[in-house]
Number of protein chains: 2
Amino acid sequence: MTGEFEWIERLRGRFPAIGDDCAVVELGADRLLLATDALVGGVDFTADTLLTDVGWNAVVANVSDVAAMGGHPRWLLAAVSAPDGTDLDALADGLSEGADAHGCALVGGDLSSTAGPLVVSVAVVGTVSGPPGPVRRGGARPGDDIWVTGPLGGPAAAGYAGRRHLARVEAGNEARRAGATAMIDISDGLAADLGHLARESGVGIALDTVPLASGATLEQAMHGGDEYELVYCGWVGVTGAIRIGTCTADRAQRTLAGEPFATTGHEHRF
Amino acid sequence: MTGEFEWIERLRGRFPAIGDDCAVVELGADRLLLATDALVGGVDFTADTLLTDVGWNAVVANVSDVAAMGGHPRWLLAAVSAPDGTDLDALADGLSEGADAHGCALVGGDLSSTAGPLVVSVAVVGTVSGPPGPVRRGGARPGDDIWVTGPLGGPAAAGYAGRRHLARVEAGNEARRAGATAMIDISDGLAADLGHLARESGVGIALDTVPLASGATLEQAMHGGDEYELVYCGWVGVTGAIRIGTCTADRAQRTLAGEPFATTGHEHRF
């Protein structure tokens with residue numbers, strides 16, 4: 001299977017606009033943030049996952065991409081491919097609750113039958129009320145501090161019970177207004193996502209410490225997926241944020257307390 | 001399996017904004033048109049369908065929804081769930097060619113692996129440069145003429161070879177500017193889609209004639225899916241449009257040359 005990162009790279013070769021958590025497009029005086037994320041049965045959730053939580057998480061995955069640009073989610077679309085017998089009311093409940101919790105509205109949908117697993121594809125349209133404009137991945141510079149919006153590893157440590165998250169919309173907006181130079185949400189693990197940010201920015205990463213959620217191991221904090229905390233670079237810590245390190249001029253550097261760490265982690269798999 | 005129409009009805013109960021081909025949302029002085037449509041392997045295409053055509057058709061299904069509101073497609077997002085060995089380059093070619101052909105840009109994507117069939121979910125953001133504003137399904141009144149933008153039944157008659165269509169973006173915009181009172185694209189068959197329009201508008205339908213594409217039967221013209229011609233109501237025939245009948249005050253009327261016709265047709269199935 002071609003990995004998601006490889007597919008994104010291929011798409012970027014063909015479609016130069018693709019790269020950040022969201023596409024940024026101009027419409028008159030407004031800037032729109034556009035993103036899509038799908039959850040697939042057997043890959044992103046199991047037969048045991050409540051469909052209300054599948055709906056919620058499909059919303060959060062998208063809203064978090066808007067948060068990571070410092071924007072506000074506004075409208076959602078949901079295309080659902082469902083096998084016979086799927087409890088569509090539970091799925092709609094989860095989508096609805098997730099949208100409400102993040103101050104946005106589900107405004108359109110599509111339903112197809114499928115002989116395969118349930119697939120819930122959500123797309124989001126967000127807006128940025130700047131200046132400053134949306135925060136991209138590629139703006140970090142050597143000397144910038146690195147911050148996370150909360151302790152990490154909680155979802156990996158908690159397993160299923162910890163899966164219903166809130167995207168960090170307010171923290172992302174606060175970071176943008178505070179002059180964050182680069183930002184990304186942690187969906188594939190801190191190490192992997194910070195690696196994307198560092199590569200796009202052309203900087204190295206020197207972490208001092210990683211704040212652990214209750215019960216989480218360092219491995220879970222570094223490589224656990226589905227976090228939905230944000231990691232950003234800049235000089236100002238927003239409400240609740242924790243400084244974890246510094247951007248360096250050595251592009252190849254990926255260290256934690258002086259020791260190299262791997263940037264490979266969770267890639268939308270169990 | 002719950003049918004698509006039933007799901008849309010459920011969603012409309014929960015999310016009042018859902019109803020037309022696209023959601024219409026206001027952003028400052030602009031109006032955005034938002035829609036999503038997914039193509040599912042084994043339902044919307046077979047193992048024999050070229051992946052370039054799957055990509056193209058996923059774009060057209062979405063762009064056609066924007067055309068049916070009298071808008072212009074601007075940006076596309078594609079969430080792909082692909083089994084091992086899928087030729088993603090061919091799929092990306094089709095998405096790219098479809099976007100180019102309709103003057104819009106693919107700006108974001110997501111890729112997941114799946115143990116099931118290929119699912120290609122596309123979302124579209126369009127704009128309307130009015131006045132007049134977007135054309136909805138519910139504005140037809142008794143006495144309005146009914147028009148189609150071309151002869152029907154061609155895709156059903158041609159089978160696979162006829163599957164690569166162009167959405168009727170210019171015709172939809174011309175109809176909007178000419179004061180169309182209601183409009184819908186023909187994705188589930190003329191009878192079914194005109195039935196939606198009539199129900200939303202609270203009018204009956206008296207068709208005089210249905211123009212047949214070369215080689216098509218009346219059955220194919222009335223019930224063939226994946227047409228992507230537009231049907232609209234109003235008093236002005238736009239370029240290439242053919243007048244097929246009149247809206248009536250008898251909400252229950254569905255007649256062709258005085259004989260009742262059924263409004264059930266293709267529902268995104270073979």
# chains A, B, ... in the order shown; residues from 1 in each chain; ligands from 1
call {"tool": "residues_around", "arguments": {"residues": "Val59 of chain B", "least_positions_apart": "3", "cutoff": "7 Å", "atoms": "only C-alpha atoms", "output": "list in words"}}
result
Gly55, Trp56, Asn62, Val63, Leu95, Gly98, Ala99 and Val122 of chain B
call {"tool": "residues_around", "arguments": {"residues": "segment 200-206 of chain B", "least_positions_apart": "5", "cutoff": "8 Å", "atoms": "only C-alpha atoms", "output": "PyMOL selection string"}}
result
chain B and resi 137-142+182+245-258
call {"tool": "write_last_selection", "arguments": {"atoms": "all heavy atoms", "output": "short mmCIF file (atom, residue, chain, number, x, y, z; two decimals), in the first residue's frame"}}
result
data_model
loop_
_atom_site.label_atom_id
_atom_site.label_comp_id
_atom_site.auth_asym_id
_atom_site.auth_seq_id
_atom_site.Cartn_x
_atom_site.Cartn_y
_atom_site.Cartn_z
N ARG B 137 -34.31 24.20 -5.90
CA ARG B 137 -35.28 23.25 -6.47
C ARG B 137 -36.72 23.69 -6.26
O ARG B 137 -37.61 23.20 -6.95
CB ARG B 137 -35.12 21.88 -5.79
CG ARG B 137 -33.79 21.23 -6.06
CD ARG B 137 -33.71 19.89 -5.35
NE ARG B 137 -32.43 19.25 -5.61
CZ ARG B 137 -32.06 18.08 -5.13
NH1 ARG B 137 -32.88 17.41 -4.33
NH2 ARG B 137 -30.89 17.58 -5.43
N GLY B 138 -36.96 24.56 -5.29
CA GLY B 138 -38.32 24.78 -4.82
C GLY B 138 -39.02 25.99 -5.37
O GLY B 138 -40.08 26.36 -4.87
N GLY B 139 -38.48 26.62 -6.42
CA GLY B 139 -39.05 27.90 -6.87
C GLY B 139 -39.98 27.82 -8.06
O GLY B 139 -40.50 28.86 -8.51
N ALA B 140 -40.24 26.63 -8.60
CA ALA B 140 -41.10 26.54 -9.79
C ALA B 140 -42.55 26.85 -9.43
O ALA B 140 -43.01 26.53 -8.33
CB ALA B 140 -41.00 25.15 -10.41
N ARG B 141 -43.29 27.46 -10.37
CA ARG B 141 -44.68 27.83 -10.16
C ARG B 141 -45.52 27.30 -11.32
O ARG B 141 -45.00 27.15 -12.44
CB ARG B 141 -44.82 29.36 -10.06
CG ARG B 141 -44.12 29.98 -8.86
CD ARG B 141 -44.79 29.53 -7.54
NE ARG B 141 -43.99 29.92 -6.37
CZ ARG B 141 -43.22 29.09 -5.69
NH1 ARG B 141 -43.11 27.81 -6.05
NH2 ARG B 141 -42.54 29.51 -4.63
N PRO B 142 -46.81 27.04 -11.08
CA PRO B 142 -47.68 26.59 -12.17
C PRO B 142 -47.61 27.56 -13.34
O PRO B 142 -47.64 28.78 -13.13
CB PRO B 142 -49.07 26.58 -11.52
CG PRO B 142 -48.80 26.36 -10.06
CD PRO B 142 -47.53 27.12 -9.79
N ALA B 182 -36.43 27.27 -10.95
CA ALA B 182 -36.00 26.06 -10.24
C ALA B 182 -35.11 25.28 -11.20
O ALA B 182 -35.28 25.36 -12.42
CB ALA B 182 -37.19 25.21 -9.82
N GLY B 245 -42.13 20.72 -21.49
CA GLY B 245 -43.44 20.68 -20.84
C GLY B 245 -43.70 21.90 -20.00
O GLY B 245 -43.05 22.95 -20.17
N THR B 246 -44.65 21.74 -19.05
CA THR B 246 -45.15 22.86 -18.26
C THR B 246 -45.39 22.40 -16.82
O THR B 246 -45.78 21.25 -16.59
CB THR B 246 -46.51 23.34 -18.84
OG1 THR B 246 -46.38 23.55 -20.25
CG2 THR B 246 -46.98 24.62 -18.17
N CYS B 247 -45.15 23.30 -15.89
CA CYS B 247 -45.52 23.05 -14.50
C CYS B 247 -47.02 23.33 -14.34
O CYS B 247 -47.53 24.31 -14.88
CB CYS B 247 -44.74 23.95 -13.56
SG CYS B 247 -42.97 23.67 -13.59
N THR B 248 -47.69 22.47 -13.57
CA THR B 248 -49.14 22.61 -13.39
C THR B 248 -49.47 22.81 -11.91
O THR B 248 -48.63 22.62 -11.03
CB THR B 248 -49.88 21.36 -13.90
OG1 THR B 248 -49.59 20.26 -13.02
CG2 THR B 248 -49.44 21.00 -15.32
N ALA B 249 -50.74 23.17 -11.68
CA ALA B 249 -51.18 23.44 -10.31
C ALA B 249 -51.56 22.17 -9.56
O ALA B 249 -51.71 22.18 -8.33
CB ALA B 249 -52.38 24.40 -10.34
N ASP B 250 -51.72 21.07 -10.28
CA ASP B 250 -52.07 19.79 -9.65
C ASP B 250 -50.78 19.10 -9.19
O ASP B 250 -50.08 18.47 -9.97
CB ASP B 250 -52.82 18.91 -10.67
CG ASP B 250 -53.09 17.51 -10.13
OD1 ASP B 250 -52.78 17.24 -8.95
OD2 ASP B 250 -53.59 16.68 -10.92
N ARG B 251 -50.51 19.22 -7.88
CA ARG B 251 -49.23 18.72 -7.35
C ARG B 251 -48.99 17.25 -7.62
O ARG B 251 -47.85 16.79 -7.60
CB ARG B 251 -49.20 18.88 -5.83
CG ARG B 251 -49.14 20.30 -5.35
CD ARG B 251 -49.31 20.32 -3.83
NE ARG B 251 -49.17 21.67 -3.34
CZ ARG B 251 -48.31 22.03 -2.38
NH1 ARG B 251 -47.55 21.14 -1.79
NH2 ARG B 251 -48.24 23.28 -1.99
N ALA B 252 -50.05 16.50 -7.79
CA ALA B 252 -49.91 15.05 -7.97
C ALA B 252 -49.64 14.68 -9.43
O ALA B 252 -49.31 13.53 -9.72
CB ALA B 252 -51.17 14.34 -7.48
N GLN B 253 -49.80 15.64 -10.35
CA GLN B 253 -49.67 15.30 -11.76
C GLN B 253 -48.23 14.99 -12.16
O GLN B 253 -47.31 15.75 -11.89
CB GLN B 253 -50.20 16.46 -12.62
CG GLN B 253 -50.17 16.15 -14.12
CD GLN B 253 -50.81 17.25 -14.95
OE1 GLN B 253 -51.22 18.29 -14.43
NE2 GLN B 253 -50.87 17.04 -16.26
N ARG B 254 -48.06 13.85 -12.82
CA ARG B 254 -46.77 13.48 -13.43
C ARG B 254 -47.12 12.82 -14.74
O ARG B 254 -47.29 11.60 -14.82
CB ARG B 254 -46.01 12.49 -12.54
CG ARG B 254 -45.67 12.96 -11.14
CD ARG B 254 -44.54 13.97 -11.09
NE ARG B 254 -44.15 14.28 -9.73
CZ ARG B 254 -44.75 15.21 -8.96
NH1 ARG B 254 -45.77 15.90 -9.42
NH2 ARG B 254 -44.32 15.42 -7.73
N THR B 255 -47.27 13.58 -15.80
CA THR B 255 -47.72 13.01 -17.07
C THR B 255 -46.75 13.34 -18.21
O THR B 255 -46.07 14.37 -18.21
CB THR B 255 -49.12 13.52 -17.47
OG1 THR B 255 -49.10 14.95 -17.55
CG2 THR B 255 -50.17 13.09 -16.46
N LEU B 256 -46.70 12.42 -19.17
CA LEU B 256 -45.99 12.62 -20.43
C LEU B 256 -46.98 12.39 -21.55
O LEU B 256 -47.54 11.28 -21.65
CB LEU B 256 -44.82 11.64 -20.53
CG LEU B 256 -44.13 11.57 -21.91
CD1 LEU B 256 -43.56 12.92 -22.33
CD2 LEU B 256 -43.03 10.50 -21.90
N ALA B 257 -47.25 13.41 -22.34
CA ALA B 257 -48.26 13.34 -23.41
C ALA B 257 -49.58 12.82 -22.86
O ALA B 257 -50.26 12.00 -23.49
CB ALA B 257 -47.76 12.48 -24.57
N GLY B 258 -49.91 13.27 -21.66
CA GLY B 258 -51.19 12.94 -21.06
C GLY B 258 -51.24 11.63 -20.30
O GLY B 258 -52.19 11.36 -19.57
#
call {"tool": "residues_around", "arguments": {"residues": "segment 163-171 of chain A", "least_positions_apart": "4", "cutoff": "6 Å", "atoms": "only C-alpha atoms", "output": "list in words"}}
result
Val60, Ser64, Ala67 and Tyr228 of chain A
call {"tool": "residues_around", "arguments": {"residues": "Pro73 of chain A", "least_positions_apart": "4", "cutoff": "10 Å", "atoms": "only C-alpha atoms", "output": "count of residues only"}}
result
20
call {"tool": "residues_around", "arguments": {"residues": "segment 45-51 of chain A", "least_positions_apart": "6", "cutoff": "8 Å", "atoms": "only C-alpha atoms", "output": "count of residues only"}}
result
6
call {"tool": "closest_residue", "arguments": {"among": "B:Pro134, B:Asp93, B:Gly225, B:Gly70", "to": "Glu174 of chain B", "atoms": "only C-alpha atoms"}}
result
B:Gly70
call {"tool": "select_by_dssp", "arguments": {"residues": "segment 42-82 of chain A", "states": "strand (DSSP E or B)", "output": "ChimeraX atom specification"}}
result
/A:45,72-82
call {"tool": "write_last_selection", "arguments": {"atoms": "N, CA, C and O atoms", "output": "PDB file, in the first residue's frame"}}
result
ATOM      1  N   PHE A  45     -11.173   2.821  12.679  1.00  0.00           N
ATOM      2  CA  PHE A  45     -12.013   2.383  13.800  1.00  0.00           C
ATOM      3  C   PHE A  45     -12.358   0.916  13.595  1.00  0.00           C
ATOM      4  O   PHE A  45     -12.140   0.372  12.498  1.00  0.00           O
ATOM      5  N   HIS A  72     -11.191  29.276  11.990  1.00  0.00           N
ATOM      6  CA  HIS A  72     -12.435  28.814  12.592  1.00  0.00           C
ATOM      7  C   HIS A  72     -13.179  27.921  11.606  1.00  0.00           C
ATOM      8  O   HIS A  72     -13.413  28.321  10.472  1.00  0.00           O
ATOM      9  N   PRO A  73     -13.598  26.722  12.042  1.00  0.00           N
ATOM     10  CA  PRO A  73     -14.410  25.868  11.173  1.00  0.00           C
ATOM     11  C   PRO A  73     -15.797  26.475  11.022  1.00  0.00           C
ATOM     12  O   PRO A  73     -16.369  26.983  11.983  1.00  0.00           O
ATOM     13  N   ARG A  74     -16.346  26.423   9.820  1.00  0.00           N
ATOM     14  CA  ARG A  74     -17.663  27.022   9.571  1.00  0.00           C
ATOM     15  C   ARG A  74     -18.673  26.001   9.059  1.00  0.00           C
ATOM     16  O   ARG A  74     -19.745  25.882   9.593  1.00  0.00           O
ATOM     17  N   TRP A  75     -18.316  25.256   7.994  1.00  0.00           N
ATOM     18  CA  TRP A  75     -19.294  24.366   7.352  1.00  0.00           C
ATOM     19  C   TRP A  75     -18.655  23.007   7.087  1.00  0.00           C
ATOM     20  O   TRP A  75     -17.472  22.915   6.752  1.00  0.00           O
ATOM     21  N   LEU A  76     -19.466  21.973   7.227  1.00  0.00           N
ATOM     22  CA  LEU A  76     -19.018  20.600   7.002  1.00  0.00           C
ATOM     23  C   LEU A  76     -19.901  19.909   5.972  1.00  0.00           C
ATOM     24  O   LEU A  76     -21.108  20.161   5.905  1.00  0.00           O
ATOM     25  N   LEU A  77     -19.290  19.025   5.198  1.00  0.00           N
ATOM     26  CA  LEU A  77     -19.996  18.125   4.284  1.00  0.00           C
ATOM     27  C   LEU A  77     -19.603  16.697   4.648  1.00  0.00           C
ATOM     28  O   LEU A  77     -18.441  16.449   4.986  1.00  0.00           O
ATOM     29  N   ALA A  78     -20.547  15.751   4.576  1.00  0.00           N
ATOM     30  CA  ALA A  78     -20.257  14.359   4.938  1.00  0.00           C
ATOM     31  C   ALA A  78     -20.726  13.420   3.840  1.00  0.00           C
ATOM     32  O   ALA A  78     -21.922  13.355   3.554  1.00  0.00           O
ATOM     33  N   ALA A  79     -19.785  12.705   3.216  1.00  0.00           N
ATOM     34  CA  ALA A  79     -20.115  11.664   2.238  1.00  0.00           C
ATOM     35  C   ALA A  79     -19.900  10.315   2.919  1.00  0.00           C
ATOM     36  O   ALA A  79     -18.798  10.008   3.359  1.00  0.00           O
ATOM     37  N   VAL A  80     -20.973   9.534   2.996  1.00  0.00           N
ATOM     38  CA  VAL A  80     -20.957   8.280   3.750  1.00  0.00           C
ATOM     39  C   VAL A  80     -21.188   7.112   2.795  1.00  0.00           C
ATOM     40  O   VAL A  80     -22.138   7.125   2.017  1.00  0.00           O
ATOM     41  N   SER A  81     -20.294   6.124   2.854  1.00  0.00           N
ATOM     42  CA  SER A  81     -20.511   4.852   2.157  1.00  0.00           C
ATOM     43  C   SER A  81     -20.751   3.804   3.238  1.00  0.00           C
ATOM     44  O   SER A  81     -19.853   3.534   4.037  1.00  0.00           O
ATOM     45  N   ALA A  82     -21.955   3.253   3.261  1.00  0.00           N
ATOM     46  CA  ALA A  82     -22.353   2.420   4.400  1.00  0.00           C
ATOM     47  C   ALA A  82     -22.824   1.048   3.944  1.00  0.00           C
ATOM     48  O   ALA A  82     -23.626   0.937   3.017  1.00  0.00           O
TER      49      ALA A  82
END
call {"tool": "residues_around", "arguments": {"residues": "Leu152 of chain A", "least_positions_apart": "3", "cutoff": "10 Å", "atoms": "only C-alpha atoms", "output": "list in words"}}
result
Val148, Thr149, Pro155, Ala156, Ala157, Ile186, Gly189, Leu190, Val210, Pro211, Leu212, Ala213, Ser214, Ala216, Thr217, Leu218, Gln220, Ala221, Met222, His223, Gly224, Gly225, Glu227, Tyr228 and Glu229 of chain A
call {"tool": "closest_residue", "arguments": {"among": "B:Arg31, B:Ser121, B:Gly179, B:Thr263", "to": "chain A", "atoms": "only C-alpha atoms"}}
result
B:Ser121
call {"tool": "select_by_dssp", "arguments": {"residues": "segment 4-240 of chain B", "states": "helix (DSSP H, G or I)", "output": "NGL selection string"}}
result
:B and (4-14 or 51-67 or 88-101 or 154-162 or 169-177 or 190-201 or 218-223)
call {"tool": "closest_residue", "arguments": {"among": "A:Val24, A:Glu259, A:Met69, A:Gly116", "to": "chain B", "atoms": "only C-alpha atoms"}}
result
A:Gly116
call {"tool": "closest_residue", "arguments": {"among": "A:Gly143, A:Ala175, A:Asp21, A:Arg243", "to": "chain B", "atoms": "only C-alpha atoms"}}
result
A:Asp21
call {"tool": "atom_distance", "arguments": {"atom1": "atom CA of Ala241 of chain A", "atom2": "atom CA of Ile146 of chain A"}}
result
9.9 Å
call {"tool": "atom_distance", "arguments": {"atom1": "atom CA of Pro132 of chain A", "atom2": "atom CA of Ala192 of chain A"}}
result
26.7 Å
